[in-house]
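Q: Sharing model-v1.pdb here; it has PDB, C-alpha atoms.
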```
ATOM      1  CA  MET J   1      70.091 -51.565 -39.704
ATOM      2  CA  LYS J   2      72.902 -53.921 -39.109
ATOM      3  CA  LYS J   3      70.767 -56.905 -39.968
ATOM      4  CA  ASP J   4      69.962 -55.379 -43.287
ATOM      5  CA  ASN J   5      73.611 -54.682 -43.869
ATOM      6  CA  TRP J   6      74.876 -58.281 -43.519
ATOM      7  CA  LYS J   7      72.250 -59.485 -45.959
ATOM      8  CA  ASP J   8      73.699 -57.144 -48.452
ATOM      9  CA  ARG J   9      77.198 -58.558 -48.068
ATOM     10  CA  PRO J  10      77.520 -62.090 -49.454
ATOM     11  CA  GLU J  11      81.129 -62.429 -48.299
ATOM     12  CA  ASP J  12      80.000 -62.060 -44.698
ATOM     13  CA  ILE J  13      77.369 -64.750 -45.149
ATOM     14  CA  GLU J  14      79.928 -67.133 -46.546
ATOM     15  CA  ALA J  15      82.204 -66.376 -43.635
ATOM     16  CA  TRP J  16      79.419 -67.214 -41.214
ATOM     17  CA  GLU J  17      78.636 -70.416 -43.017
ATOM     18  CA  SER J  18      82.211 -71.571 -43.055
ATOM     19  CA  GLN J  19      82.517 -70.731 -39.400
ATOM     20  CA  ILE J  20      79.428 -72.777 -38.553
ATOM     21  CA  ASP J  21      80.686 -75.694 -40.686
ATOM     22  CA  SER J  22      84.039 -75.704 -38.933
ATOM     23  CA  MET J  23      82.308 -75.646 -35.550
ATOM     24  CA  MET J  24      80.051 -78.542 -36.560
ATOM     25  CA  GLU J  25      83.057 -80.547 -37.634
ATOM     26  CA  GLN J  26      84.620 -79.994 -34.272
ATOM     27  CA  LEU J  27      81.563 -81.524 -32.545
ATOM     28  CA  THR J  28      81.984 -85.193 -31.550
ATOM     29  CA  VAL J  29      79.133 -87.719 -31.305
ATOM     30  CA  GLU J  30      78.200 -88.191 -27.654
ATOM     31  CA  LYS J  31      77.888 -91.874 -26.753
ATOM     32  CA  ALA J  32      74.715 -92.802 -24.889
ATOM     33  CA  PRO J  33      75.262 -94.495 -21.525
ATOM     34  CA  ALA J  34      75.325 -98.297 -21.740
ATOM     35  CA  SER J  35      72.354 -98.725 -19.383
ATOM     36  CA  LEU J  36      70.213 -96.438 -21.544
ATOM     37  CA  SER J  37      71.210 -98.319 -24.678
ATOM     38  CA  ARG J  38      70.261-101.616 -23.090
ATOM     39  CA  ARG J  39      66.919-100.242 -21.959
ATOM     40  CA  LEU J  40      66.152 -98.851 -25.384
ATOM     41  CA  LYS J  41      67.036-102.145 -27.015
ATOM     42  CA  ARG J  42      64.683-103.985 -24.665
ATOM     43  CA  ILE J  43      61.615-101.948 -25.614
ATOM     44  CA  PRO J  44      60.670-103.761 -28.878
ATOM     45  CA  ARG J  45      61.056-107.162 -27.186
ATOM     46  CA  GLU J  46      58.841-106.187 -24.245
ATOM     47  CA  GLU J  47      56.175-104.696 -26.455
ATOM     48  CA  ARG J  48      56.047-107.900 -28.483
ATOM     49  CA  ARG J  49      55.622-109.989 -25.297
ATOM     50  CA  LYS J  50      52.792-107.754 -23.996
ATOM     51  CA  GLU J  51      50.990-108.112 -27.258
ATOM     52  CA  ASN J  52      51.213-111.927 -27.116
ATOM     53  CA  ARG J  53      49.993-112.106 -23.532
ATOM     54  CA  TRP J  54      46.665-110.434 -24.303
ATOM     55  CA  SER J  55      46.225-111.440 -27.902
ATOM     56  CA  TRP J  56      43.989-114.416 -26.997
ATOM     57  CA  LEU J  57      41.298-111.956 -25.948
ATOM     58  CA  MET J  58      40.989-110.718 -29.462
ATOM     59  CA  PRO J  59      38.505-112.922 -31.376
ATOM     60  CA  GLY J  60      40.446-112.470 -34.575
ATOM     61  CA  GLN J  61      43.516-113.995 -32.973
ATOM     62  CA  LEU J  62      41.774-117.091 -31.529
ATOM     63  CA  PRO J  63      42.304-120.418 -33.238
ATOM     64  CA  GLN J  64      39.221-122.165 -34.629
ATOM     65  CA  TRP J  65      39.247-124.937 -32.035
ATOM     66  CA  ALA J  66      39.077-122.473 -29.157
ATOM     67  CA  LEU J  67      36.085-120.572 -30.515
ATOM     68  CA  ALA J  68      33.568-123.437 -30.261
ATOM     69  CA  PRO J  69      34.057-124.122 -26.521
ATOM     70  CA  ALA J  70      34.127-120.391 -25.866
ATOM     71  CA  PHE J  71      30.746-119.906 -27.509
ATOM     72  CA  ALA J  72      29.365-123.092 -25.919
ATOM     73  CA  ALA J  73      30.308-121.774 -22.490
ATOM     74  CA  VAL J  74      28.060-118.714 -22.878
ATOM     75  CA  PRO J  75      24.666-120.537 -22.788
ATOM     76  CA  LEU J  76      26.067-122.792 -20.075
ATOM     77  CA  LEU J  77      26.885-119.817 -17.904
ATOM     78  CA  VAL J  78      23.434-118.325 -18.564
ATOM     79  CA  LEU J  79      21.796-121.652 -17.677
ATOM     80  CA  ALA J  80      23.843-121.921 -14.501
ATOM     81  CA  PHE J  81      22.891-118.378 -13.548
ATOM     82  CA  VAL J  82      19.178-119.118 -14.077
ATOM     83  CA  LEU J  83      19.397-122.368 -12.111
ATOM     84  CA  MET J  84      21.179-120.654  -9.252
ATOM     85  CA  GLN J  85      18.421-118.100  -8.855
ATOM     86  CA  PRO J  86      16.152-118.859  -5.879
ATOM     87  CA  GLN J  87      12.846-119.939  -7.399
ATOM     88  CA  GLN J  88       9.632-118.745  -5.848
ATOM     89  CA  PRO J  89       7.325-121.731  -5.374
ATOM     90  CA  SER J  90       3.948-121.426  -7.046
ATOM     91  CA  ALA J  91       0.603-121.753  -5.237
ATOM     92  CA  ALA J  92       0.343-125.301  -6.609
ATOM     93  CA  ASP J  93       3.769-126.135  -5.129
ATOM     94  CA  VAL J  94       2.668-124.842  -1.732
ATOM     95  CA  GLU J  95      -0.594-126.818  -1.877
ATOM     96  CA  GLN J  96       1.380-129.919  -2.871
ATOM     97  CA  ALA J  97       3.718-129.307   0.081
ATOM     98  CA  ARG J  98       0.712-129.117   2.439
ATOM     99  CA  GLN J  99      -0.566-132.444   1.164
ATOM    100  CA  ASP J 100       2.914-133.952   1.413
ATOM    101  CA  LEU J 101       3.170-132.818   5.022
ATOM    102  CA  ALA J 102      -0.239-134.334   5.784
ATOM    103  CA  ILE J 103       0.892-137.635   4.258
ATOM    104  CA  ALA J 104       4.166-137.485   6.179
ATOM    105  CA  PHE J 105       2.315-137.018   9.471
ATOM    106  CA  ALA J 106      -0.133-139.768   8.531
ATOM    107  CA  TYR J 107       2.779-142.163   8.108
ATOM    108  CA  LEU J 108       4.187-141.073  11.463
ATOM    109  CA  ASP J 109       0.806-141.811  13.018
ATOM    110  CA  LYS J 110       0.544-145.125  11.224
ATOM    111  CA  VAL J 111       3.896-146.256  12.589
ATOM    112  CA  GLY J 112       2.827-145.143  16.069
ATOM    113  CA  TYR J 113      -0.393-147.102  15.755
ATOM    114  CA  ARG J 114       1.421-150.233  14.652
ATOM    115  CA  THR J 115       3.951-149.847  17.430
ATOM    116  CA  GLY J 116       1.052-149.605  19.875
ATOM    117  CA  ASN J 117      -0.431-152.807  18.464
ATOM    118  CA  GLU J 118       2.895-154.544  18.810
ATOM    119  CA  ILE J 119       3.112-153.444  22.445
ATOM    120  CA  GLN J 120      -0.414-154.718  23.017
ATOM    121  CA  ASN J 121       0.414-158.083  21.475
ATOM    122  CA  VAL J 122       3.440-158.464  23.706
ATOM    123  CA  LEU J 123       2.194-156.978  26.943
ATOM    124  CA  GLY J 124      -1.570-157.131  26.746
ATOM    125  CA  GLY J 125      -4.154-154.366  26.861
ATOM    126  CA  GLU J 126      -3.775-153.239  30.446
ATOM    127  CA  LEU J 127      -0.043-152.850  30.354
ATOM    128  CA  ARG J 128      -0.251-151.205  26.947
ATOM    129  CA  HIS J 129      -1.996-148.149  28.349
ATOM    130  CA  SER J 130       0.517-147.622  31.093
ATOM    131  CA  VAL J 131       3.430-148.013  28.671
ATOM    132  CA  LYS J 132       1.854-145.776  26.056
ATOM    133  CA  ASP J 133       0.922-143.116  28.578
ATOM    134  CA  ASN J 134       4.596-142.796  29.402
ATOM    135  CA  LEU J 135       5.618-142.939  25.773
ATOM    136  CA  SER J 136       3.130-140.298  24.733
ATOM    137  CA  GLU J 137       4.989-137.754  26.792
ATOM    138  CA  HIS J 138       7.738-138.028  24.180
ATOM    139  CA  ILE J 139       5.969-139.410  21.123
ATOM    140  CA  PRO J 140       2.737-137.631  20.313
ATOM    141  CA  PHE J 141       1.535-140.079  17.681
ATOM    142  CA  THR J 142       1.274-142.909  20.217
ATOM    143  CA  GLU J 143      -1.076-140.674  22.184
ATOM    144  CA  GLN J 144      -3.219-140.207  19.121
ATOM    145  CA  SER J 145      -3.269-143.949  18.472
ATOM    146  CA  ARG J 146      -4.423-144.548  22.030
ATOM    147  CA  LYS J 147      -7.283-142.120  21.529
ATOM    148  CA  GLU J 148      -8.295-143.917  18.339
ATOM    149  CA  GLU J 149      -8.219-147.208  20.110
ATOM    150  CA  THR J 150     -10.436-146.033  22.976
ATOM    151  CA  THR J 151     -12.979-144.552  20.571
TER     152      THR J 151
ATOM    153  CA  MET W   1      44.588-133.900 -28.061
ATOM    154  CA  ARG W   2      44.108-130.391 -26.746
ATOM    155  CA  THR W   3      40.564-130.201 -28.138
ATOM    156  CA  LEU W   4      39.721-133.490 -26.456
ATOM    157  CA  MET W   5      40.945-132.185 -23.135
ATOM    158  CA  ILE W   6      38.911-128.991 -23.483
ATOM    159  CA  ARG W   7      35.805-131.050 -24.311
ATOM    160  CA  LYS W   8      36.348-133.173 -21.223
ATOM    161  CA  ILE W   9      36.773-130.103 -19.045
ATOM    162  CA  LEU W  10      33.585-128.590 -20.511
ATOM    163  CA  THR W  11      31.612-131.779 -19.877
ATOM    164  CA  VAL W  12      32.754-131.876 -16.267
ATOM    165  CA  CYS W  13      31.904-128.180 -15.792
ATOM    166  CA  MET W  14      28.448-128.664 -17.352
ATOM    167  CA  THR W  15      27.627-131.640 -15.139
ATOM    168  CA  ALA W  16      28.768-129.783 -12.046
ATOM    169  CA  LEU W  17      26.722-126.710 -12.957
ATOM    170  CA  MET W  18      23.537-128.746 -13.559
ATOM    171  CA  ALA W  19      23.872-130.586 -10.251
ATOM    172  CA  LEU W  20      24.597-127.477  -8.192
ATOM    173  CA  PRO W  21      21.023-126.527  -7.114
ATOM    174  CA  VAL W  22      20.089-130.093  -6.093
ATOM    175  CA  MET W  23      23.347-130.535  -4.207
ATOM    176  CA  ALA W  24      22.905-127.182  -2.533
ATOM    177  CA  GLN W  25      19.406-128.093  -1.283
ATOM    178  CA  GLU W  26      20.481-131.498   0.026
ATOM    179  CA  ASP W  27      23.608-130.006   1.592
ATOM    180  CA  ALA W  28      21.513-127.343   3.292
ATOM    181  CA  LEU W  29      19.460-130.066   5.017
ATOM    182  CA  LYS W  30      22.570-132.062   5.907
ATOM    183  CA  GLU W  31      23.811-129.184   8.023
ATOM    184  CA  TYR W  32      21.003-129.648  10.548
ATOM    185  CA  PRO W  33      21.594-132.021  13.461
ATOM    186  CA  GLY W  34      18.188-133.606  12.823
ATOM    187  CA  TYR W  35      19.159-134.819   9.338
ATOM    188  CA  VAL W  36      19.562-138.560   8.850
ATOM    189  CA  ASP W  37      21.300-140.329   6.002
ATOM    190  CA  PHE W  38      19.319-143.534   5.441
ATOM    191  CA  GLY W  39      21.909-144.897   3.030
ATOM    192  CA  GLU W  40      21.129-146.596  -0.256
ATOM    193  CA  LEU W  41      17.427-147.347   0.248
ATOM    194  CA  ASN W  42      16.708-147.807  -3.454
ATOM    195  CA  ALA W  43      19.360-150.500  -3.735
ATOM    196  CA  ILE W  44      17.485-152.623  -1.182
ATOM    197  CA  PHE W  45      13.814-151.732  -1.657
ATOM    198  CA  GLY W  46      13.713-150.571  -5.289
ATOM    199  CA  GLU W  47      11.797-147.503  -6.407
ATOM    200  CA  PRO W  48       9.836-145.707  -3.666
ATOM    201  CA  THR W  49       6.040-145.566  -3.956
ATOM    202  CA  VAL W  50       5.951-142.360  -1.928
ATOM    203  CA  GLN W  51       8.853-139.955  -1.806
ATOM    204  CA  ILE W  52       8.408-136.636  -0.049
ATOM    205  CA  SER W  53      11.030-134.004   0.584
ATOM    206  CA  VAL W  54       9.786-130.629   1.770
ATOM    207  CA  GLY W  55      12.483-128.058   2.479
ATOM    208  CA  ALA W  56      12.637-125.007   4.700
ATOM    209  CA  SER W  57      11.507-122.513   2.061
ATOM    210  CA  LEU W  58       8.293-124.433   1.245
ATOM    211  CA  LEU W  59       7.641-125.055   4.916
ATOM    212  CA  GLY W  60       7.936-121.326   5.513
ATOM    213  CA  LEU W  61       5.395-120.600   2.796
ATOM    214  CA  VAL W  62       2.984-123.282   4.037
ATOM    215  CA  SER W  63       3.392-121.784   7.493
ATOM    216  CA  SER W  64       2.533-118.273   6.391
ATOM    217  CA  LEU W  65      -0.437-119.492   4.333
ATOM    218  CA  SER W  66      -1.766-121.649   7.191
ATOM    219  CA  ALA W  67      -1.438-118.887   9.776
ATOM    220  CA  SER W  68      -5.078-117.809   9.660
ATOM    221  CA  GLU W  69      -6.769-121.215   9.360
ATOM    222  CA  ASP W  70      -4.461-123.230  11.664
ATOM    223  CA  PRO W  71      -2.130-121.035  13.745
ATOM    224  CA  GLU W  72      -0.728-123.975  15.694
ATOM    225  CA  ALA W  73       0.256-125.857  12.542
ATOM    226  CA  ALA W  74       1.701-122.636  11.122
ATOM    227  CA  GLU W  75       3.844-122.191  14.215
ATOM    228  CA  LEU W  76       5.068-125.795  13.976
ATOM    229  CA  PHE W  77       5.919-125.528  10.269
ATOM    230  CA  LYS W  78       7.777-122.284  10.865
ATOM    231  CA  ARG W  79      10.237-124.055  13.133
ATOM    232  CA  LEU W  80      10.709-127.092  10.882
ATOM    233  CA  ASN W  81      13.641-127.211   8.480
ATOM    234  CA  GLY W  82      12.631-130.227   6.452
ATOM    235  CA  VAL W  83      10.388-133.271   6.217
ATOM    236  CA  ARG W  84      11.527-136.337   4.290
ATOM    237  CA  VAL W  85       9.451-139.454   3.685
ATOM    238  CA  ASN W  86      10.349-142.575   1.701
ATOM    239  CA  VAL W  87       7.806-145.373   1.428
ATOM    240  CA  PHE W  88       8.500-148.629  -0.405
ATOM    241  CA  GLU W  89       6.031-151.396  -1.160
ATOM    242  CA  THR W  90       7.675-154.733  -0.591
ATOM    243  CA  ASP W  91       6.806-158.318  -1.298
ATOM    244  CA  GLY W  92       8.154-160.027   1.776
ATOM    245  CA  MET W  93      11.012-158.798   3.894
ATOM    246  CA  ALA W  94      13.593-157.375   1.474
ATOM    247  CA  ASP W  95      17.107-158.805   1.559
ATOM    248  CA  GLY W  96      19.356-156.585   3.616
ATOM    249  CA  ALA W  97      16.424-154.595   5.055
ATOM    250  CA  VAL W  98      16.964-155.708   8.645
ATOM    251  CA  ASP W  99      20.720-155.154   8.348
ATOM    252  CA  LEU W 100      20.110-151.664   6.969
ATOM    253  CA  VAL W 101      17.791-150.752   9.852
ATOM    254  CA  LYS W 102      20.306-152.052  12.375
ATOM    255  CA  GLU W 103      23.213-150.329  10.648
ATOM    256  CA  VAL W 104      21.442-146.949  10.473
ATOM    257  CA  SER W 105      20.262-147.359  14.080
ATOM    258  CA  ALA W 106      23.821-148.000  15.261
ATOM    259  CA  GLY W 107      25.000-144.910  13.392
ATOM    260  CA  LEU W 108      22.240-142.778  14.910
ATOM    261  CA  GLY W 109      23.094-144.013  18.389
ATOM    262  CA  ASN W 110      26.691-142.962  17.837
ATOM    263  CA  HIS W 111      25.610-139.508  16.709
ATOM    264  CA  GLY W 112      23.620-138.638  19.804
ATOM    265  CA  TRP W 113      20.163-139.817  18.731
ATOM    266  CA  GLU W 114      18.045-141.355  21.454
ATOM    267  CA  SER W 115      16.256-144.577  20.694
ATOM    268  CA  VAL W 116      12.637-144.149  21.798
ATOM    269  CA  VAL W 117      10.863-147.172  20.343
ATOM    270  CA  THR W 118      12.270-150.467  19.092
ATOM    271  CA  VAL W 119      10.182-153.298  17.738
ATOM    272  CA  ASN W 120      12.342-156.254  16.859
ATOM    273  CA  SER W 121      10.327-159.158  15.482
ATOM    274  CA  ILE W 122      10.790-161.539  12.570
ATOM    275  CA  ASP W 123       8.157-159.861  10.421
ATOM    276  CA  GLU W 124       8.544-156.302  11.685
ATOM    277  CA  GLN W 125      11.380-153.921  12.479
ATOM    278  CA  VAL W 126      10.475-150.520  13.907
ATOM    279  CA  ARG W 127      12.838-147.874  15.213
ATOM    280  CA  VAL W 128      11.915-144.408  16.432
ATOM    281  CA  PHE W 129      14.777-142.052  17.256
ATOM    282  CA  MET W 130      14.825-138.507  18.546
ATOM    283  CA  MET W 131      17.598-135.946  18.532
ATOM    284  CA  ILE W 132      17.140-134.176  21.851
ATOM    285  CA  ASN W 133      19.105-131.065  22.710
ATOM    286  CA  GLY W 134      18.274-129.861  26.221
ATOM    287  CA  ASP W 135      14.487-129.863  26.360
ATOM    288  CA  GLN W 136      14.175-129.300  22.633
ATOM    289  CA  VAL W 137      13.648-132.031  20.039
ATOM    290  CA  GLU W 138      15.703-131.244  16.929
ATOM    291  CA  GLY W 139      14.714-134.221  14.849
ATOM    292  CA  ILE W 140      12.556-137.336  14.694
ATOM    293  CA  THR W 141      13.468-140.377  12.664
ATOM    294  CA  VAL W 142      11.170-143.316  12.058
ATOM    295  CA  MET W 143      12.129-146.543  10.309
ATOM    296  CA  ALA W 144       9.417-149.171   9.985
ATOM    297  CA  VAL W 145      10.114-152.206   7.843
ATOM    298  CA  GLU W 146       7.672-155.061   7.495
ATOM    299  CA  GLU W 147       6.742-157.628   4.875
ATOM    300  CA  THR W 148       4.518-155.402   2.747
ATOM    301  CA  GLU W 149       5.954-151.982   3.364
ATOM    302  CA  ALA W 150       9.030-150.051   4.438
ATOM    303  CA  VAL W 151       8.603-146.513   5.773
ATOM    304  CA  PHE W 152      11.428-144.052   6.462
ATOM    305  CA  VAL W 153      10.520-140.653   7.899
ATOM    306  CA  ASN W 154      12.849-137.861   8.953
ATOM    307  CA  VAL W 155      11.435-134.668  10.476
ATOM    308  CA  ILE W 156      14.147-132.004  10.815
ATOM    309  CA  GLY W 157      13.852-128.903  12.949
ATOM    310  CA  SER W 158      12.798-127.638  16.315
ATOM    311  CA  ILE W 159       9.857-129.808  17.353
ATOM    312  CA  ASN W 160       7.599-129.541  20.337
ATOM    313  CA  PRO W 161       6.159-133.064  20.693
ATOM    314  CA  GLU W 162       2.902-131.903  22.267
ATOM    315  CA  GLU W 163       2.401-129.380  19.520
ATOM    316  CA  LEU W 164       3.176-132.008  16.889
ATOM    317  CA  GLY W 165       0.567-134.319  18.410
ATOM    318  CA  ARG W 166      -2.116-131.652  18.312
ATOM    319  CA  VAL W 167      -1.280-130.731  14.712
ATOM    320  CA  MET W 168      -1.365-134.390  13.685
ATOM    321  CA  GLU W 169      -4.853-134.731  15.134
ATOM    322  CA  ASN W 170      -6.011-131.976  12.787
ATOM    323  CA  PHE W 171      -4.624-133.750   9.743
ATOM    324  CA  ASP W 172      -7.215-136.196   8.532
ATOM    325  CA  ILE W 173      -5.543-138.018   5.707
ATOM    326  CA  ASP W 174      -6.494-141.344   4.198
ATOM    327  CA  LEU W 175      -3.438-143.204   3.005
ATOM    328  CA  ASN W 176      -5.593-145.376   0.719
ATOM    329  CA  GLY W 177      -4.832-143.012  -2.096
ATOM    330  CA  HIS W 178      -1.223-144.077  -1.732
ATOM    331  CA  GLY W 179      -1.981-147.760  -1.440
ATOM    332  CA  HIS W 180      -1.969-147.840   2.348
ATOM    333  CA  ASP W 181      -4.477-147.523   5.114
ATOM    334  CA  SER W 182      -3.677-146.294   8.598
ATOM    335  CA  GLU W 183      -6.432-148.495  10.015
ATOM    336  CA  GLU W 184      -4.801-151.750   8.972
TER     337      GLU W 184
END
```
Could you show the structure in this file as structure tokens?

A:
Amino acid sequence: MKKDNWKDRPEDIEAWESQIDSMMEQLTVEKAPASLSRRLKRIPREERRKENRWSWLMPGQLPQWALAPAFAAVPLLVLAFVLMQPQQPSAADVEQARQDLAIAFAYLDKVGYRTGNEIQNVLGGELRHSVKDNLSEHIPFTEQSRKEETT
Amino acid sequence: MRTLMIRKILTVCMTALMALPVMAQEDALKEYPGYVDFGELNAIFGEPTVQISVGASLLGLVSSLSASEDPEAAELFKRLNGVRVNVFETDGMADGAVDLVKEVSAGLGNHGWESVVTVNSIDEQVRVFMMINGDQVEGITVMAVEETEAVFVNVIGSINPEELGRVMENFDIDLNGHGHDSEE
């Protein structure tokens, strides 16, 4: 009931308003602490710096000269990745490797045979066998050459 | 100026990336004690007529594929890490050839290789070296330089000489196809 009553009396409302106004006038502006002010002032500067630090990642922000190398690097990286992958040799590669190994061993044998001939030239046939018998314990291809010679 | 620098950096990166697999393979072989650096062979003898380089991965595959038809060869290949052959056709003893053989031989001697065969004549230089660790051969190196031909062979890996001899007997290869004959 009381609430309804004060609405009905305009003089009371005015009194309330004037009282509130006088109280507001008495209020003083509280000063923020200096440290808080400094921190607040720093915020725009820090935000600007953060934006600059990562702006190069945005394609729109990149200069023209930086775009070309950036795009050129992509196929290069793909190529490098492909090249770094361990490649499985094909059947032809394996067959080629077998032939290469056979040739390699043939050259080893050839050198052994020649070395045997050289020993024979220097020492003569009889001594050659005794020398080569000892050698063949360590070098198998001299043994093979000796067999060829005897056959 | 900046663009030029970026281009240079990109060129260097590209070259390095392209060379990576080759370097990696060669470096992998270099790690083995049986590997031998023959130096600049091409500078002395020119282009090789036969150049063979079989790495561990191919040797492994050859080994597994040979297992049924030649178990002994398969076992040998399994323990090899690499086989390198360089053959050069020469017209007379190449300048610097003898010095190269002597230089490489001295280096091998310093690195624990045992000299097994040496032929030292005017028209022929032969060196056979072995890297022996305990009773295990870890590498064989052959250098044979004469007036018509220079042969450099490097077998890398765990080698049983007897086994190698038996396997070699089974290989019947005619080197005529490569311009050489073992029955010279």

Q: Might you pull out every residue within 12 Å of Leu108 in chain W, with all atoms listed in the file counted and same-chain residues fewer than 4 positions away left off, and present them as a PyMOL selection string?

A: chain W and resi 33-38+101-104+112-116+127-131+139-143

Q: Take the selection from the previous step and output its residues with C-alpha atoms, as a short mmCIF file (atom, residue, chain, number, x, y, z; two decimals), in the frame of the given file.

A:
```cif
data_model
loop_
_atom_site.label_atom_id
_atom_site.label_comp_id
_atom_site.auth_asym_id
_atom_site.auth_seq_id
_atom_site.Cartn_x
_atom_site.Cartn_y
_atom_site.Cartn_z
CA PRO W 33 21.59 -132.02 13.46
CA GLY W 34 18.19 -133.61 12.82
CA TYR W 35 19.16 -134.82 9.34
CA VAL W 36 19.56 -138.56 8.85
CA ASP W 37 21.30 -140.33 6.00
CA PHE W 38 19.32 -143.53 5.44
CA VAL W 101 17.79 -150.75 9.85
CA LYS W 102 20.31 -152.05 12.38
CA GLU W 103 23.21 -150.33 10.65
CA VAL W 104 21.44 -146.95 10.47
CA GLY W 112 23.62 -138.64 19.80
CA TRP W 113 20.16 -139.82 18.73
CA GLU W 114 18.05 -141.35 21.45
CA SER W 115 16.26 -144.58 20.69
CA VAL W 116 12.64 -144.15 21.80
CA ARG W 127 12.84 -147.87 15.21
CA VAL W 128 11.92 -144.41 16.43
CA PHE W 129 14.78 -142.05 17.26
CA MET W 130 14.82 -138.51 18.55
CA MET W 131 17.60 -135.95 18.53
CA GLY W 139 14.71 -134.22 14.85
CA ILE W 140 12.56 -137.34 14.69
CA THR W 141 13.47 -140.38 12.66
CA VAL W 142 11.17 -143.32 12.06
CA MET W 143 12.13 -146.54 10.31
#
```

Q: Do you know which residues are at most 12 Å from Ser90 in chain J counting only C-alpha atoms, after dropping those on the same chain fewer than 4 positions away, and could you put them as a PyMOL selection string?

A: (chain J and resi 94-97) or (chain W and resi 57-58+61-62)

Q: What is the CA of Leu80 in chain W-CA of Leu59 in chain W distance in Å, reported with one decimal?

A: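 Straight-line distance from CA of Leu80 in chain W to CA of Leu59 in chain W works out to 7.0 Å.
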
Q: Report the distance between CA of Gln51 in chain W and CA of Phe88 in chain W in Å, rounded to one decimal place.

A: 8.8 Å

Q: Counting only C-alpha atoms, which of J:Gly116, J:Glu46, J:Leu83, J:Lys41 gets nearest to chain W?

A: J:Leu83

Q: Please compute the CA of Leu164 in chain W-CA of Ala73 in chain W distance, one decimal, in Å.

A: 8.1 Å

Q: So that I can see what lies close to Glu75 in chain W, please list as a list of chain:residue names the residues with an atom at most 10 Å from it, counting all atoms listed in the file and leaving out residues fewer than 2 positions away in the same chain.

A: W:Gly60, W:Ser63, W:Ser64, W:Ser66, W:Ala67, W:Asp70, W:Pro71, W:Glu72, W:Ala73, W:Phe77, W:Lys78, W:Arg79, W:Leu80, W:Glu163, W:Val167

Q: The PyMOL selection byres ((chain W and resi 93-98) around 12) - which residues does that actually catch in the file I just gave you? List them as a ChimeraX atom specification.

A: /W:38-46,88-92,99-105,119-127,143-152

Q: Could the residues in this selection be saved with C-alpha atoms as an mmCIF file, in the frame of the given file?

A:
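Now in again-v3.cif:
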```
data_model
loop_
_atom_site.group_PDB
_atom_site.id
_atom_site.type_symbol
_atom_site.label_atom_id
_atom_site.label_comp_id
_atom_site.auth_asym_id
_atom_site.auth_seq_id
_atom_site.Cartn_x
_atom_site.Cartn_y
_atom_site.Cartn_z
ATOM 1 C CA PHE W 38 19.319 -143.534 5.441
ATOM 2 C CA GLY W 39 21.909 -144.897 3.030
ATOM 3 C CA GLU W 40 21.129 -146.596 -0.256
ATOM 4 C CA LEU W 41 17.427 -147.347 0.248
ATOM 5 C CA ASN W 42 16.708 -147.807 -3.454
ATOM 6 C CA ALA W 43 19.360 -150.500 -3.735
ATOM 7 C CA ILE W 44 17.485 -152.623 -1.182
ATOM 8 C CA PHE W 45 13.814 -151.732 -1.657
ATOM 9 C CA GLY W 46 13.713 -150.571 -5.289
ATOM 10 C CA PHE W 88 8.500 -148.629 -0.405
ATOM 11 C CA GLU W 89 6.031 -151.396 -1.160
ATOM 12 C CA THR W 90 7.675 -154.733 -0.591
ATOM 13 C CA ASP W 91 6.806 -158.318 -1.298
ATOM 14 C CA GLY W 92 8.154 -160.027 1.776
ATOM 15 C CA ASP W 99 20.720 -155.154 8.348
ATOM 16 C CA LEU W 100 20.110 -151.664 6.969
ATOM 17 C CA VAL W 101 17.791 -150.752 9.852
ATOM 18 C CA LYS W 102 20.306 -152.052 12.375
ATOM 19 C CA GLU W 103 23.213 -150.329 10.648
ATOM 20 C CA VAL W 104 21.442 -146.949 10.473
ATOM 21 C CA SER W 105 20.262 -147.359 14.080
ATOM 22 C CA VAL W 119 10.182 -153.298 17.738
ATOM 23 C CA ASN W 120 12.342 -156.254 16.859
ATOM 24 C CA SER W 121 10.327 -159.158 15.482
ATOM 25 C CA ILE W 122 10.790 -161.539 12.570
ATOM 26 C CA ASP W 123 8.157 -159.861 10.421
ATOM 27 C CA GLU W 124 8.544 -156.302 11.685
ATOM 28 C CA GLN W 125 11.380 -153.921 12.479
ATOM 29 C CA VAL W 126 10.475 -150.520 13.907
ATOM 30 C CA ARG W 127 12.838 -147.874 15.213
ATOM 31 C CA MET W 143 12.129 -146.543 10.309
ATOM 32 C CA ALA W 144 9.417 -149.171 9.985
ATOM 33 C CA VAL W 145 10.114 -152.206 7.843
ATOM 34 C CA GLU W 146 7.672 -155.061 7.495
ATOM 35 C CA GLU W 147 6.742 -157.628 4.875
ATOM 36 C CA THR W 148 4.518 -155.402 2.747
ATOM 37 C CA GLU W 149 5.954 -151.982 3.364
ATOM 38 C CA ALA W 150 9.030 -150.051 4.438
ATOM 39 C CA VAL W 151 8.603 -146.513 5.773
ATOM 40 C CA PHE W 152 11.428 -144.052 6.462
#
```

Q: Restricting the calculation to only C-alpha atoms, which member of W:Thr49, W:Gly165, W:Leu76, W:Gly107 is positioned closest to chain J?

A: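 Among the listed residues, W:Gly165 lies closest to chain J.
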
Q: From the options W:Glu69, W:Val117, W:Glu47, W:Ser53, which residue's atoms come nearest to Gln99 in chain J, counting only C-alpha atoms?

A: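 When distances to Gln99 in chain J are compared using only C-alpha atoms, the smallest one comes from W:Ser53.
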
Q: Find, counting all atoms listed in the file, the residue in W:Asn86, W:Asn110, W:Asn133, W:Ser158 that gets nearest to chain J.

A: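 Checking each of W:Asn86, W:Asn110, W:Asn133, W:Ser158 against chain J, counting all atoms listed in the file, the winner is W:Asn86.
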